[in-house]
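What follows is the content of upload22.txt (compact mmCIF, C-alpha atoms and all ligand atoms).
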```txt
# COMPACT_ATOMS: atom_id res chain seq x y z
CA MET A 1348 -15.07 1.48 18.89
CA ASN A 1349 -13.21 3.46 21.50
CA ARG A 1350 -9.60 2.32 21.61
CA GLU A 1351 -6.72 3.75 23.59
CA ILE A 1352 -3.86 5.03 21.50
CA PRO A 1353 -0.83 2.80 22.27
CA THR A 1354 1.89 4.58 24.25
CA GLU A 1355 4.44 3.88 21.48
CA ILE A 1356 2.56 6.27 19.21
CA GLU A 1357 3.56 9.93 19.27
CA ARG A 1358 0.56 11.30 17.41
CA VAL A 1359 -2.20 10.42 14.96
CA LEU A 1360 -1.27 11.67 11.49
CA LEU A 1361 -4.36 10.51 9.57
CA ASP A 1362 -7.48 9.68 11.50
CA GLU A 1363 -10.08 7.11 10.55
CA THR A 1364 -12.51 9.67 9.14
CA ALA A 1365 -9.89 11.24 6.86
CA ILE A 1366 -8.70 7.80 5.72
CA GLN A 1367 -12.16 6.50 4.91
CA ALA A 1368 -13.09 9.70 3.05
CA ARG A 1369 -9.94 9.45 0.92
CA VAL A 1370 -10.50 5.74 0.23
CA ARG A 1371 -14.01 6.53 -1.02
CA GLN A 1372 -12.62 9.26 -3.32
CA LEU A 1373 -9.99 6.92 -4.75
CA ALA A 1374 -12.57 4.15 -5.24
CA ALA A 1375 -14.89 6.58 -7.05
CA ARG A 1376 -12.08 7.68 -9.40
CA ILE A 1377 -11.04 4.10 -10.11
CA SER A 1378 -14.67 3.05 -10.67
CA ALA A 1379 -15.09 5.88 -13.20
CA ASP A 1380 -11.76 5.26 -14.95
CA TYR A 1381 -12.42 1.53 -15.36
CA ALA A 1382 -16.15 1.83 -16.08
CA ASP A 1383 -15.76 0.65 -19.67
CA ILE A 1384 -12.88 -1.71 -19.09
CA ASP A 1385 -13.42 -5.41 -18.42
CA ASP A 1386 -11.40 -7.75 -16.33
CA LEU A 1387 -9.93 -5.54 -13.64
CA VAL A 1388 -7.76 -7.37 -11.15
CA LEU A 1389 -6.58 -5.68 -7.97
CA VAL A 1390 -3.28 -7.08 -6.80
CA GLY A 1391 -2.64 -6.35 -3.14
CA VAL A 1392 0.91 -6.49 -1.88
CA LEU A 1393 1.11 -8.46 1.37
CA LYS A 1394 1.25 -7.97 4.10
CA GLY A 1395 0.83 -4.22 4.36
CA ALA A 1396 -1.87 -3.64 1.73
CA PHE A 1397 -4.51 -6.00 3.09
CA ILE A 1398 -6.48 -3.38 4.98
CA PHE A 1399 -6.35 -0.64 2.33
CA LEU A 1400 -7.20 -3.18 -0.37
CA SER A 1401 -10.22 -4.49 1.50
CA ASP A 1402 -11.62 -0.99 2.09
CA LEU A 1403 -10.83 0.14 -1.46
CA ALA A 1404 -12.33 -2.96 -3.10
CA ARG A 1405 -15.54 -2.72 -1.08
CA ASN A 1406 -16.01 0.86 -2.25
CA LEU A 1407 -15.62 0.04 -5.95
CA THR A 1408 -18.81 0.06 -7.99
CA ILE A 1409 -17.39 -1.94 -10.89
CA PRO A 1410 -16.70 -5.68 -11.23
CA HIS A 1411 -13.23 -6.69 -10.15
CA GLU A 1412 -11.19 -9.62 -8.93
CA VAL A 1413 -8.90 -9.52 -5.91
CA ASP A 1414 -5.54 -11.27 -5.87
CA PHE A 1415 -2.40 -10.97 -3.79
CA ILE A 1416 1.33 -11.10 -4.07
CA ALA A 1417 3.72 -11.31 -1.14
CA LEU A 1418 7.14 -9.73 -1.14
CA SER A 1419 9.82 -9.11 1.35
CA SER A 1420 12.77 -6.76 1.26
CA TYR A 1421 16.16 -8.11 2.21
CA ASN A 1422 17.67 -6.50 5.31
CA LYS A 1423 14.89 -3.96 5.60
CA GLY A 1424 15.24 -1.65 8.54
CA VAL A 1425 15.72 2.07 8.70
CA VAL A 1426 17.95 1.70 5.63
CA SER A 1427 16.56 -0.38 2.77
CA SER A 1428 18.94 -2.53 0.75
CA GLY A 1429 16.78 -2.28 -2.36
CA ALA A 1430 16.67 -6.04 -2.98
CA VAL A 1431 13.17 -7.52 -3.14
CA ARG A 1432 12.23 -11.19 -2.79
CA LEU A 1433 9.03 -12.75 -4.19
CA ILE A 1434 7.49 -14.98 -1.51
CA MET A 1435 4.08 -15.71 -3.04
CA ASP A 1436 2.85 -15.01 -6.55
CA THR A 1437 -0.71 -14.17 -7.68
CA ARG A 1438 -3.05 -17.11 -7.96
CA SER A 1439 -4.32 -16.12 -11.43
CA SER A 1440 -2.37 -15.14 -14.52
CA VAL A 1441 -2.42 -11.40 -15.27
CA THR A 1442 -1.60 -11.71 -18.97
CA GLY A 1443 -4.10 -9.74 -21.06
CA ARG A 1444 -5.87 -8.38 -17.98
CA ASN A 1445 -6.17 -4.90 -16.46
CA VAL A 1446 -3.96 -4.91 -13.41
CA LEU A 1447 -4.09 -2.40 -10.58
CA ILE A 1448 -1.29 -2.87 -8.05
CA VAL A 1449 -2.44 -1.84 -4.57
CA GLU A 1450 0.25 -0.85 -2.07
CA ASP A 1451 0.03 0.57 1.42
CA ILE A 1452 3.19 2.66 1.22
CA LEU A 1453 5.78 3.96 -1.22
CA ASP A 1454 8.97 4.51 0.72
CA THR A 1455 12.18 4.08 -1.30
CA GLY A 1456 10.13 2.84 -4.27
CA TYR A 1457 12.25 -0.28 -4.78
CA THR A 1458 9.29 -2.59 -4.12
CA LEU A 1459 6.92 -0.87 -6.52
CA ASP A 1460 9.65 -0.59 -9.15
CA TYR A 1461 10.22 -4.35 -8.87
CA LEU A 1462 6.48 -5.00 -9.12
CA ILE A 1463 5.98 -2.80 -12.17
CA ARG A 1464 8.85 -4.51 -13.99
CA THR A 1465 7.62 -7.96 -12.94
CA PHE A 1466 4.01 -7.37 -14.06
CA GLN A 1467 4.95 -5.50 -17.23
CA ALA A 1468 6.93 -8.58 -18.32
CA ARG A 1469 3.73 -10.62 -18.06
CA ASN A 1470 2.00 -8.55 -20.77
CA PRO A 1471 -1.10 -7.26 -19.00
CA ALA A 1472 -3.67 -5.29 -21.03
CA SER A 1473 -2.93 -2.35 -18.71
CA LEU A 1474 -0.98 -1.73 -15.54
CA ARG A 1475 -1.62 1.01 -12.98
CA THR A 1476 -0.65 1.66 -9.41
CA CYS A 1477 -2.64 2.69 -6.36
CA VAL A 1478 -0.69 3.65 -3.24
CA PHE A 1479 -2.15 4.78 0.04
CA VAL A 1480 0.76 6.81 1.43
CA SER A 1481 3.93 8.05 -0.17
CA LYS A 1482 6.99 9.60 1.48
CA PRO A 1483 8.54 11.80 -1.23
CA GLU A 1484 11.68 12.53 0.83
CA ARG A 1485 12.53 8.82 0.86
CA HIS A 1486 12.12 8.00 -2.82
CA GLN A 1487 15.16 6.47 -4.52
CA VAL A 1488 13.40 5.54 -7.75
CA ASP A 1489 11.41 7.83 -10.02
CA LEU A 1490 7.93 6.30 -10.26
CA SER A 1491 4.57 7.68 -11.25
CA ILE A 1492 1.61 6.66 -9.10
CA ASP A 1493 -1.79 6.63 -10.79
CA TYR A 1494 -3.89 6.81 -7.60
CA LEU A 1495 -2.36 8.21 -4.41
CA GLY A 1496 -4.00 8.59 -1.00
CA PHE A 1497 -1.65 10.91 0.88
CA GLU A 1498 1.88 12.28 0.86
CA THR A 1499 3.48 12.15 4.29
CA PRO A 1500 6.67 13.34 5.93
CA ASP A 1501 9.58 10.98 6.56
CA GLU A 1502 8.53 9.49 9.89
CA TRP A 1503 7.89 5.88 10.95
CA LEU A 1504 4.20 5.32 10.28
CA VAL A 1505 2.07 2.54 11.73
CA GLY A 1506 -1.55 1.50 11.43
CA TYR A 1507 -3.90 0.91 8.51
CA GLY A 1508 -1.68 -1.99 7.40
CA LEU A 1509 1.65 -0.42 8.30
CA ASP A 1510 3.68 -2.08 11.01
CA TYR A 1511 6.61 -1.89 13.34
CA ALA A 1512 7.94 -5.44 13.87
CA ASP A 1513 4.52 -6.71 12.76
CA ARG A 1514 2.67 -4.71 15.40
CA PHE A 1515 0.06 -1.96 15.00
CA ARG A 1516 -1.14 -3.03 11.52
CA THR A 1517 -4.81 -3.16 12.47
CA LEU A 1518 -5.11 0.30 14.00
CA PRO A 1519 -7.83 2.15 12.04
CA TYR A 1520 -5.70 5.32 11.79
CA ILE A 1521 -2.13 6.08 10.73
CA GLY A 1522 0.07 7.13 13.62
CA VAL A 1523 3.65 8.29 13.96
CA LEU A 1524 5.78 5.91 16.01
CA LYS A 1525 7.89 7.47 18.75
CA GLN A 1526 11.52 7.58 17.68
CA ALA A 1527 12.60 5.97 20.95
CA VAL A 1528 10.79 2.78 19.91
CA TYR A 1529 12.96 2.10 16.85
CA ALA A 1530 16.09 4.19 17.44
C1 LIG A 1601 6.49 -2.31 2.98
C2 LIG A 1601 5.29 -1.86 2.18
C3 LIG A 1601 5.80 -1.85 0.78
C4 LIG A 1601 7.27 -1.57 0.93
C5 LIG A 1601 7.57 -0.18 0.50
O1 LIG A 1601 6.58 -3.68 2.95
O2 LIG A 1601 4.20 -2.72 2.36
O3 LIG A 1601 5.58 -3.08 0.14
O4 LIG A 1601 7.59 -1.73 2.31
O5 LIG A 1601 8.93 0.13 0.73
P1 LIG A 1601 9.89 0.58 -0.41
O6 LIG A 1601 9.20 1.64 -1.22
O7 LIG A 1601 11.09 1.11 0.34
O8 LIG A 1601 10.26 -0.62 -1.24
P2 LIG A 1601 7.50 -4.53 3.93
O9 LIG A 1601 8.70 -5.06 3.18
O10 LIG A 1601 7.79 -3.76 5.19
O11 LIG A 1601 6.59 -5.79 4.23
P3 LIG A 1601 5.09 -5.84 4.84
O12 LIG A 1601 4.15 -5.23 3.84
O13 LIG A 1601 4.86 -7.31 5.00
O14 LIG A 1601 5.11 -5.09 6.14
```
So, in terms of structure tokens, how does the structure I just supplied come out?
Amino acid sequence: MNREIPTEIERVLLDETAIQARVRQLAARISADYADIDDLVLVGVLKGAFIFLSDLARNLTIPHEVDFIALSSYNKGVVSSGAVRLIMDTRSSVTGRNVLIVEDILDTGYTLDYLIRTFQARNPASLRTCVFVSKPERHQVDLSIDYLGFETPDEWLVGYGLDYADRFRTLPYIGVLKQAVYA
């Protein structure tokens, strides 16, 4: 599909080809790592992770279940408050199961930190994290990511699930938003 790049976007940081190649690599690694492990459940974090999760899951070659959790950060803008609110929980229990949390972005890390603590308290058989993009300059919490797509600079990213005011999520690439749009 030939789509115009919206005028709000300064440049494409990760194009569709690079994204899809990386997703296939991550899916191959996950498929190998979980080859002998039963009962894998991917937990996508709404809204942002829905596109990455759907591509990742469809590239897995091992049985898995897909579930979702929805969170929202209080007062999230350019500065994050760090407080996270659970809006919707997973449909199935994760106790005794192999949980892989799937996130679109690790920014401050408060959300993933909250998720890890929340799921760990539910006694899963194992708990790992898969994050598509991480902004190391923004991290406020020390977290280890098991499967990471890309590290990116500290710029406002949109596309491939990432939004600005709920726009641009379904672009097939990751673009950098012009500063004038959010400044
Ligand atoms: C985004 C993203 C992560 C979180 C990461 O969600 O999907 O969940 O921010 O930020 P952090 O590392 O600073 O906690 P957001 O709250 O914007 O909601 P959305 O996924 O519905 O867009």
Closest of A:Val1488, A:Ile1434, A:Leu1418, A:Ala1468 to A:Ala1396 - atom-to-atom distances counting all atoms listed in the file: A:Leu1418
Separation of atom CA of A:Gln1487 from atom CA of A:Gly1508 in Å: 22.3 Å
Among the residues A:Asp1460, A:Asp1436, A:Glu1363, A:Asp1385, the one that comes closest to A:Tyr1507 [using all atoms listed in the file]: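 Smallest separation from A:Tyr1507 among the options: A:Glu1363.
Around ligand LIG 1601 (chain A), using all atoms listed in the file and a cut-off of 6 Å, the residues in contact are Leu1393, Lys1394, Gly1395, Ser1419, Ser1420, Asp1451, Ile1452, Leu1453, Asp1454, Thr1455, Gly1456, Tyr1457, Thr1458 and Asp1510 of chain A.
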Atom pair atom CA of A:Ala1382 / atom CA of A:Arg1405: separation (Å):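 Interatomic distance here is 15.7 Å.
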Polymer residues at most 10 Å from A:Gln1367, all atoms listed in the file, same-chain spacing of 3 or more positions, as a list of chain:residue names: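 That gives A:Leu1361, A:Asp1362, A:Glu1363, A:Thr1364, A:Val1370, A:Arg1371, A:Gln1372, A:Leu1373, A:Phe1399, A:Asp1402, A:Leu1403, A:Asn1406, A:Pro1519, A:Tyr1520.
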Near-A:Val1480 list (6 Å; all atoms listed in the file; drop same-chain fewer than 6 positions) as a list in words: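 The residues satisfying every condition are Ile1452, Gly1496, Phe1497 and Glu1498 of chain A.
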Neighbour residues at most 12 Å from (-4.2, -19.0, -6.1) (all atoms listed in the file) as an MDAnalysis selection string: chainID A and resid 1390 1413:1416 1435:1440
Any idea what's packed within 12 Å of A:Pro1410, counting all atoms listed in the file, ignoring anything in its chain fewer than 6 positions away? Could you give it as a PDB file with C-alpha atoms, in the coordinates of the input?
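out-v8.pdb, freshly written:
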```
ATOM      1  CA  ILE A1377     -11.040   4.100 -10.110  1.00  0.00           C
ATOM      2  CA  SER A1378     -14.670   3.050 -10.670  1.00  0.00           C
ATOM      3  CA  ALA A1379     -15.090   5.880 -13.200  1.00  0.00           C
ATOM      4  CA  TYR A1381     -12.420   1.530 -15.360  1.00  0.00           C
ATOM      5  CA  ALA A1382     -16.150   1.830 -16.080  1.00  0.00           C
ATOM      6  CA  ASP A1383     -15.760   0.650 -19.670  1.00  0.00           C
ATOM      7  CA  ILE A1384     -12.880  -1.710 -19.090  1.00  0.00           C
ATOM      8  CA  ASP A1385     -13.420  -5.410 -18.420  1.00  0.00           C
ATOM      9  CA  ASP A1386     -11.400  -7.750 -16.330  1.00  0.00           C
ATOM     10  CA  LEU A1387      -9.930  -5.540 -13.640  1.00  0.00           C
ATOM     11  CA  VAL A1388      -7.760  -7.370 -11.150  1.00  0.00           C
ATOM     12  CA  LEU A1389      -6.580  -5.680  -7.970  1.00  0.00           C
ATOM     13  CA  ALA A1404     -12.330  -2.960  -3.100  1.00  0.00           C
ATOM     14  CA  ASN A1445      -6.170  -4.900 -16.460  1.00  0.00           C
TER      15      ASN A1445
END
```
Stretch 1473-1486 of chain A: axis-aligned bounding box, 5 Å on each side, centre and edge lengths in Å, one decimal, as lines of an AutoDock Vina configuration file:
```
center_x = 4.8
center_y = 5.1
center_z = -8.6
size_x = 25.5
size_y = 24.9
size_z = 30.2
```
Which residue of A:Gly1429, A:Gln1467, A:Leu1459, A:Ser1473 approaches A:Asp1489 most closely, using all atoms listed in the file: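 The answer is A:Leu1459, which sits nearest to A:Asp1489.
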Computed interatomic separation between atom CA of A:Val1528 and atom CA of A:Glu1355 (Å):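 About the pair atom CA of A:Val1528 and atom CA of A:Glu1355: they are 6.6 Å apart.
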Shortest interatomic distance to A:Val1392 - which of A:Asp1501, A:Pro1471, A:Arg1485, A:Ile1448, counting only C-alpha atoms: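 Looking at the shortest contact to A:Val1392, the residue is A:Ile1448.
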Expected residue set, 10 Å radius at (-1.0, 1.1, -9.7), all atoms listed in the file, as a list of chain:residue names: A:Leu1389, A:Val1390, A:Val1446, A:Leu1447, A:Ile1448, A:Val1449, A:Glu1450, A:Leu1459, A:Leu1462, A:Ile1463, A:Ser1473, A:Leu1474, A:Arg1475, A:Thr1476, A:Cys1477, A:Val1478, A:Ser1491, A:Ile1492, A:Asp1493, A:Tyr1494, A:Leu1495
Residue among A:Val1359, A:Val1523, A:Ala1368, A:Val1441 lying closest to A:Glu1502, counting all atoms listed in the file: A:Val1523
